[in-house]
Amino acid sequence: MAHPGFHDDVEKLRGVMDTLREGLQVLSQDWRYLYLNAAAARHGRRRPEELLGRTMLECFPGIEHTPMFARLERCLRDQCTDQIENEFVYADGARAWFELRIQPTPEGLVVLSLDVSERKQLEGALRRADRLTALGQMAAGVAHNLGNILNPLALNLELIARRTRADGSLSGPLDAMRGVLRHGIETVSLLKDFNREATISRVTADLNAIAGETAELCSAAAVRRQPVVEIHVTVGDPPRVPVSPGELLAAVVNLVTNALDALPEGGRIDVRTGHGSDGAWVEVEDDGVGMPEAVQARAFEPFFTTKGDAGTGLGLATVYALVKRHGGEVQLRSGVGAGTSVRLVFPSSAERASGG
Amino acid sequence: MRMPHRILLVEDDAISRDALAALLVDDGYDVVAAPDGLDALAAAARARPDLVVTDFQMPRMDAPALVARLRADPTTRAVPIIALSVDPWTAPMRAATRADVYLDKPLDVAALSACIRSQFDRRR
């Protein structure tokens, strides 16, 4: 049905179709593209004339082996409708998510497609954030229990140490036990960080000073590396941020330590500062081995490490906890063989004051 | 000779309580120990401590309730209180407890000793 003025005006209708955000395609029973609107062509990253009249299998080789194609086949065979969310991988490896609604017609199939990549990305980010929150709560629980176990041990060890001071043969073993205990207590204190409440620090930190101190502290370790690693500092003009300078220094040193580990063949580390619309930032970038996506997705989880026994899995997690506690954001960019950059963004004191 | 300072130690974990009591005795203090806030109140009335060291979380009566009662009683109002917690001391926890000093567990014994000394020095 159409209004008389619109009746049979195919061109007008085609124009309307091409303004849709939803992709619309009509496929023949032998998978030939009979019609595509502009969005459908865009979703396939092709021009309509590249697709029209050709079969889906010619245009997207290998598509016949995908689960999505199996669903299309079923709709055609059983004359049924279907609705799926499908991740499409382009020839260059890029990916996008589409919600597809499939409906049989006398010609073959009509497929409606909606690009839901952004929603999918958000869902992924939310899932990761939820997971980090849950892991943070678990870490705090572990810290509580472990703390209650270590406390009587520490007190009794101290008592034994004091009362056996005269017996020199015990000082070695007692010192060894103290060392192990100290390590345990430090771990407990790191774990406690994950569930610490949001803080509004009374002291502020100068990001440029932190960047300079970090380079100073790490330069010895960097030049000891063979081949050598160079650390460069480039500072902008960021406002002071309301974070304890000591904690922030430890966090940035942690990032540089990770960067050093990512440069087994030597290379370059950049420590930069600056500020933008979302706040003041300090960033550590290396041109090292980079992280695959699966590692990036879990990089901030407590206990997650790629360093085997050499890593506690608490480094980046502690950095993340510190930044979140101060209302900031951690931005991670990485690619295999393309290096890694981690940027800590803090709302500056002024923004926090005006934003409540 | 001066009488030794008397410390009321409130801690529900018996192993920690016994060890810490022994350490404080070694430091020259007179120690009265209690396993929770309720027993601690009775001990405070009886023994008139010069300082209280109390755990935060305890069965029957926790540190906030204990401190509130000690502060409400004119005979114990001015007694310095050191509170210990295995969980991080958040602002709401501190506000509820109103102790003079907050320390973390596992306890650093040297830090506690220094803290007790400074509380006594301050009030001399």
# chains A, B, ... in the order shown; residues from 1 in each chain; ligands from 1
$ closest_atom_pairs --of "chain A" --to "chain B" --cutoff "9 Å" --atoms "only C-alpha atoms" --output "tab-separated table"
residue	atom	partner	partner_atom	distance
A:Ala140	CA	B:Asp87	CA	8.1
A:Ala143	CA	B:Asp87	CA	7.8
A:His144	CA	B:Val86	CA	5.9
A:Asn145	CA	B:Val86	CA	8.5
A:Gly147	CA	B:Pro106	CA	5.6
A:Asn148	CA	B:Val86	CA	6.7
A:Ile149	CA	B:Pro106	CA	8.4
A:Leu150	CA	B:Pro106	CA	6.0
A:Asn151	CA	B:Pro106	CA	4.1
A:Pro152	CA	B:Ser16	CA	4.3
A:Leu153	CA	B:Ser16	CA	7.9
A:Ala154	CA	B:Pro106	CA	7.0
A:Leu155	CA	B:Ala19	CA	5.8
A:Asn156	CA	B:Ala19	CA	5.4
A:Leu157	CA	B:Ala19	CA	8.9
A:Glu158	CA	B:Val109	CA	7.6
A:Leu159	CA	B:Leu23	CA	6.1
A:Arg162	CA	B:Leu23	CA	8.6
A:Ile185	CA	B:Pro106	CA	6.8
A:Val188	CA	B:Pro106	CA	8.8
A:Ser189	CA	B:Pro88	CA	8.8
A:Lys192	CA	B:Pro88	CA	6.6
A:Asp193	CA	B:Pro88	CA	8.2
A:Asn195	CA	B:Pro88	CA	8.7
A:Arg196	CA	B:Pro88	CA	6.8
A:Glu197	CA	B:Thr90	CA	6.8
$ residues_around --residues "Arg2 (chain B)" --least-positions-apart "2" --cutoff "12 Å" --atoms "only C-alpha atoms" --output "MDAnalysis selection string"
chainID B and resid 4:6 28:29
$ atom_distance --atom1 "CA of Leu260 (chain A)" --atom2 "CA of Ala222 (chain A)"
7.0 Å
$ select_by_dssp --residues "region 263-354 of chain A" --states "strand (DSSP E or B)" --output "PyMOL selection string"
chain A and resi 267-276+279-286+329-334+340-346
$ atom_distance --atom1 "CA of Gly279 (chain A)" --atom2 "CA of Ser334 (chain A)"
21.6 Å
$ atom_distance --atom1 "CA of Tyr102 (chain B)" --atom2 "CA of Ala78 (chain B)"
16.8 Å
$ residues_around --residues "region 50-60 of chain B" --least-positions-apart "5" --cutoff "6 Å" --atoms "only C-alpha atoms" --output "list of chain:residue names"
B:Arg6, B:Ile7, B:Leu8, B:Leu9, B:Val10, B:Glu11, B:Asp12, B:Asp36, B:Val79, B:Pro80, B:Ile81, B:Ile82, B:Ala83, B:Leu84, B:Ser85
$ write_last_selection --atoms "C-alpha atoms" --output "tab-separated table (two decimals), in the first residue's frame"
chain	number	residue	atom	x	y	z
B	6	ARG	CA	48.38	-0.51	82.28
B	7	ILE	CA	47.15	-1.45	78.81
B	8	LEU	CA	43.79	-3.05	78.06
B	9	LEU	CA	44.22	-5.30	75.04
B	10	VAL	CA	41.00	-6.31	73.23
B	11	GLU	CA	41.37	-8.96	70.54
B	12	ASP	CA	39.15	-11.95	69.71
B	36	ASP	CA	35.66	-8.71	72.87
B	79	VAL	CA	42.04	7.05	77.91
B	80	PRO	CA	43.89	6.98	74.58
B	81	ILE	CA	42.64	4.31	72.20
B	82	ILE	CA	44.59	2.58	69.45
B	83	ALA	CA	42.39	0.66	67.01
B	84	LEU	CA	43.59	-2.17	64.75
B	85	SER	CA	41.98	-3.50	61.60
$ select_by_dssp --residues "region 23-123 of chain A" --states "helix (DSSP H, G or I)" --output "VMD selection string"
chain A and resid 38 to 43 48 to 51 56 to 59 63 to 65 67 to 78 117 to 123
$ residues_around --residues "Ala44 (chain B)" --least-positions-apart "5" --cutoff "9 Å" --atoms "only C-alpha atoms" --output "list in words"
Leu8, Val32, Asp39, Pro49, Val52, Leu70 and Thr76 of chain B
$ residues_around --residues "Thr66 (chain A)" --least-positions-apart "3" --cutoff "12 Å" --atoms "only C-alpha atoms" --output "VMD selection string"
chain A and resid 57 60 to 63 69 to 73 86 to 89
$ residues_around --residues "Asp73 (chain B)" --least-positions-apart "6" --cutoff "12 Å" --atoms "only C-alpha atoms" --output "JSON list (two decimals) with N, CA and C atoms, in the first residue's frame"
[["chain", "number", "residue", "atom", "x", "y", "z"],
["B", 41, "LEU", "N", 34.72, -3.88, 78.50],
["B", 41, "LEU", "CA", 34.07, -2.86, 79.33],
["B", 41, "LEU", "C", 34.17, -3.23, 80.81],
["B", 44, "ALA", "N", 37.70, -2.77, 81.91],
["B", 44, "ALA", "CA", 38.07, -1.36, 82.03],
["B", 44, "ALA", "C", 37.58, -0.80, 83.36],
["B", 45, "ALA", "N", 36.35, -1.18, 83.75],
["B", 45, "ALA", "CA", 35.79, -0.70, 85.00],
["B", 45, "ALA", "C", 36.61, -1.22, 86.19],
["B", 48, "ARG", "N", 40.95, -0.09, 85.33],
["B", 48, "ARG", "CA", 41.33, 1.30, 85.07],
["B", 48, "ARG", "C", 42.57, 1.41, 84.19],
["B", 66, "LEU", "N", 32.45, -0.27, 71.64],
["B", 66, "LEU", "CA", 33.31, -0.22, 72.83],
["B", 66, "LEU", "C", 33.81, 1.20, 73.08],
["B", 67, "VAL", "N", 34.33, 1.83, 72.01],
["B", 67, "VAL", "CA", 34.89, 3.17, 72.17],
["B", 67, "VAL", "C", 33.80, 4.16, 72.61],
["B", 79, "VAL", "N", 41.05, 8.12, 78.18],
["B", 79, "VAL", "CA", 42.04, 7.05, 77.91],
["B", 79, "VAL", "C", 42.32, 6.98, 76.41]]
$ decode --residues "region 139-203 of chain A" --atoms "C-alpha atoms" --output "PDB file, in the first residue's frame"
ATOM      1  CA  ALA A 139      41.013  -9.811  46.307  1.00  0.00           C
ATOM      2  CA  ALA A 140      39.788  -7.809  49.301  1.00  0.00           C
ATOM      3  CA  GLY A 141      38.287 -10.985  50.775  1.00  0.00           C
ATOM      4  CA  VAL A 142      41.546 -12.848  50.269  1.00  0.00           C
ATOM      5  CA  ALA A 143      43.430  -9.931  51.868  1.00  0.00           C
ATOM      6  CA  HIS A 144      41.116 -10.037  54.895  1.00  0.00           C
ATOM      7  CA  ASN A 145      41.577 -13.774  55.449  1.00  0.00           C
ATOM      8  CA  LEU A 146      45.280 -13.788  54.704  1.00  0.00           C
ATOM      9  CA  GLY A 147      45.774 -10.799  57.007  1.00  0.00           C
ATOM     10  CA  ASN A 148      44.035 -12.640  59.831  1.00  0.00           C
ATOM     11  CA  ILE A 149      46.330 -15.618  59.266  1.00  0.00           C
ATOM     12  CA  LEU A 150      49.538 -13.592  59.029  1.00  0.00           C
ATOM     13  CA  ASN A 151      48.813 -11.403  62.073  1.00  0.00           C
ATOM     14  CA  PRO A 152      49.243 -14.108  64.768  1.00  0.00           C
ATOM     15  CA  LEU A 153      52.219 -15.482  62.834  1.00  0.00           C
ATOM     16  CA  ALA A 154      53.904 -12.071  62.791  1.00  0.00           C
ATOM     17  CA  LEU A 155      53.242 -11.454  66.488  1.00  0.00           C
ATOM     18  CA  ASN A 156      54.509 -14.860  67.601  1.00  0.00           C
ATOM     19  CA  LEU A 157      57.549 -14.617  65.360  1.00  0.00           C
ATOM     20  CA  GLU A 158      58.384 -11.277  66.948  1.00  0.00           C
ATOM     21  CA  LEU A 159      57.963 -12.814  70.396  1.00  0.00           C
ATOM     22  CA  ILE A 160      60.237 -15.749  69.553  1.00  0.00           C
ATOM     23  CA  ALA A 161      62.820 -13.407  68.015  1.00  0.00           C
ATOM     24  CA  ARG A 162      62.918 -11.224  71.105  1.00  0.00           C
ATOM     25  CA  ARG A 163      63.100 -14.068  73.587  1.00  0.00           C
ATOM     26  CA  THR A 164      65.790 -16.004  71.734  1.00  0.00           C
ATOM     27  CA  ARG A 165      67.971 -12.977  71.068  1.00  0.00           C
ATOM     28  CA  ALA A 166      70.753 -14.533  73.150  1.00  0.00           C
ATOM     29  CA  ASP A 167      70.885 -17.599  70.915  1.00  0.00           C
ATOM     30  CA  GLY A 168      72.882 -16.436  67.887  1.00  0.00           C
ATOM     31  CA  SER A 169      72.264 -19.643  65.950  1.00  0.00           C
ATOM     32  CA  LEU A 170      68.568 -18.665  65.546  1.00  0.00           C
ATOM     33  CA  SER A 171      69.073 -15.208  64.111  1.00  0.00           C
ATOM     34  CA  GLY A 172      69.542 -16.489  60.527  1.00  0.00           C
ATOM     35  CA  PRO A 173      66.387 -18.614  60.398  1.00  0.00           C
ATOM     36  CA  LEU A 174      64.384 -15.913  62.193  1.00  0.00           C
ATOM     37  CA  ASP A 175      65.520 -13.253  59.728  1.00  0.00           C
ATOM     38  CA  ALA A 176      64.606 -15.575  56.872  1.00  0.00           C
ATOM     39  CA  MET A 177      61.120 -16.026  58.343  1.00  0.00           C
ATOM     40  CA  ARG A 178      60.753 -12.292  58.843  1.00  0.00           C
ATOM     41  CA  GLY A 179      61.658 -11.769  55.164  1.00  0.00           C
ATOM     42  CA  VAL A 180      59.044 -14.262  53.989  1.00  0.00           C
ATOM     43  CA  LEU A 181      56.466 -12.777  56.304  1.00  0.00           C
ATOM     44  CA  ARG A 182      57.228  -9.259  55.096  1.00  0.00           C
ATOM     45  CA  HIS A 183      56.648 -10.462  51.533  1.00  0.00           C
ATOM     46  CA  GLY A 184      53.305 -11.920  52.591  1.00  0.00           C
ATOM     47  CA  ILE A 185      52.295  -8.717  54.339  1.00  0.00           C
ATOM     48  CA  GLU A 186      53.236  -6.642  51.287  1.00  0.00           C
ATOM     49  CA  THR A 187      51.057  -8.898  49.129  1.00  0.00           C
ATOM     50  CA  VAL A 188      48.158  -8.456  51.550  1.00  0.00           C
ATOM     51  CA  SER A 189      48.626  -4.713  51.403  1.00  0.00           C
ATOM     52  CA  LEU A 190      48.544  -4.775  47.568  1.00  0.00           C
ATOM     53  CA  LEU A 191      45.383  -6.878  47.616  1.00  0.00           C
ATOM     54  CA  LYS A 192      43.704  -4.454  50.003  1.00  0.00           C
ATOM     55  CA  ASP A 193      44.123  -1.750  47.366  1.00  0.00           C
ATOM     56  CA  PHE A 194      41.525  -3.240  45.072  1.00  0.00           C
ATOM     57  CA  ASN A 195      38.584  -2.506  47.280  1.00  0.00           C
ATOM     58  CA  ARG A 196      39.735   0.692  48.867  1.00  0.00           C
ATOM     59  CA  GLU A 197      37.097   3.421  48.733  1.00  0.00           C
ATOM     60  CA  ALA A 198      37.290   6.343  46.358  1.00  0.00           C
ATOM     61  CA  THR A 199      39.622   8.941  47.794  1.00  0.00           C
ATOM     62  CA  ILE A 200      39.824  12.648  47.432  1.00  0.00           C
ATOM     63  CA  SER A 201      43.453  13.273  48.128  1.00  0.00           C
ATOM     64  CA  ARG A 202      44.399  16.369  50.060  1.00  0.00           C
ATOM     65  CA  VAL A 203      47.850  16.339  48.495  1.00  0.00           C
TER      66      VAL A 203
END
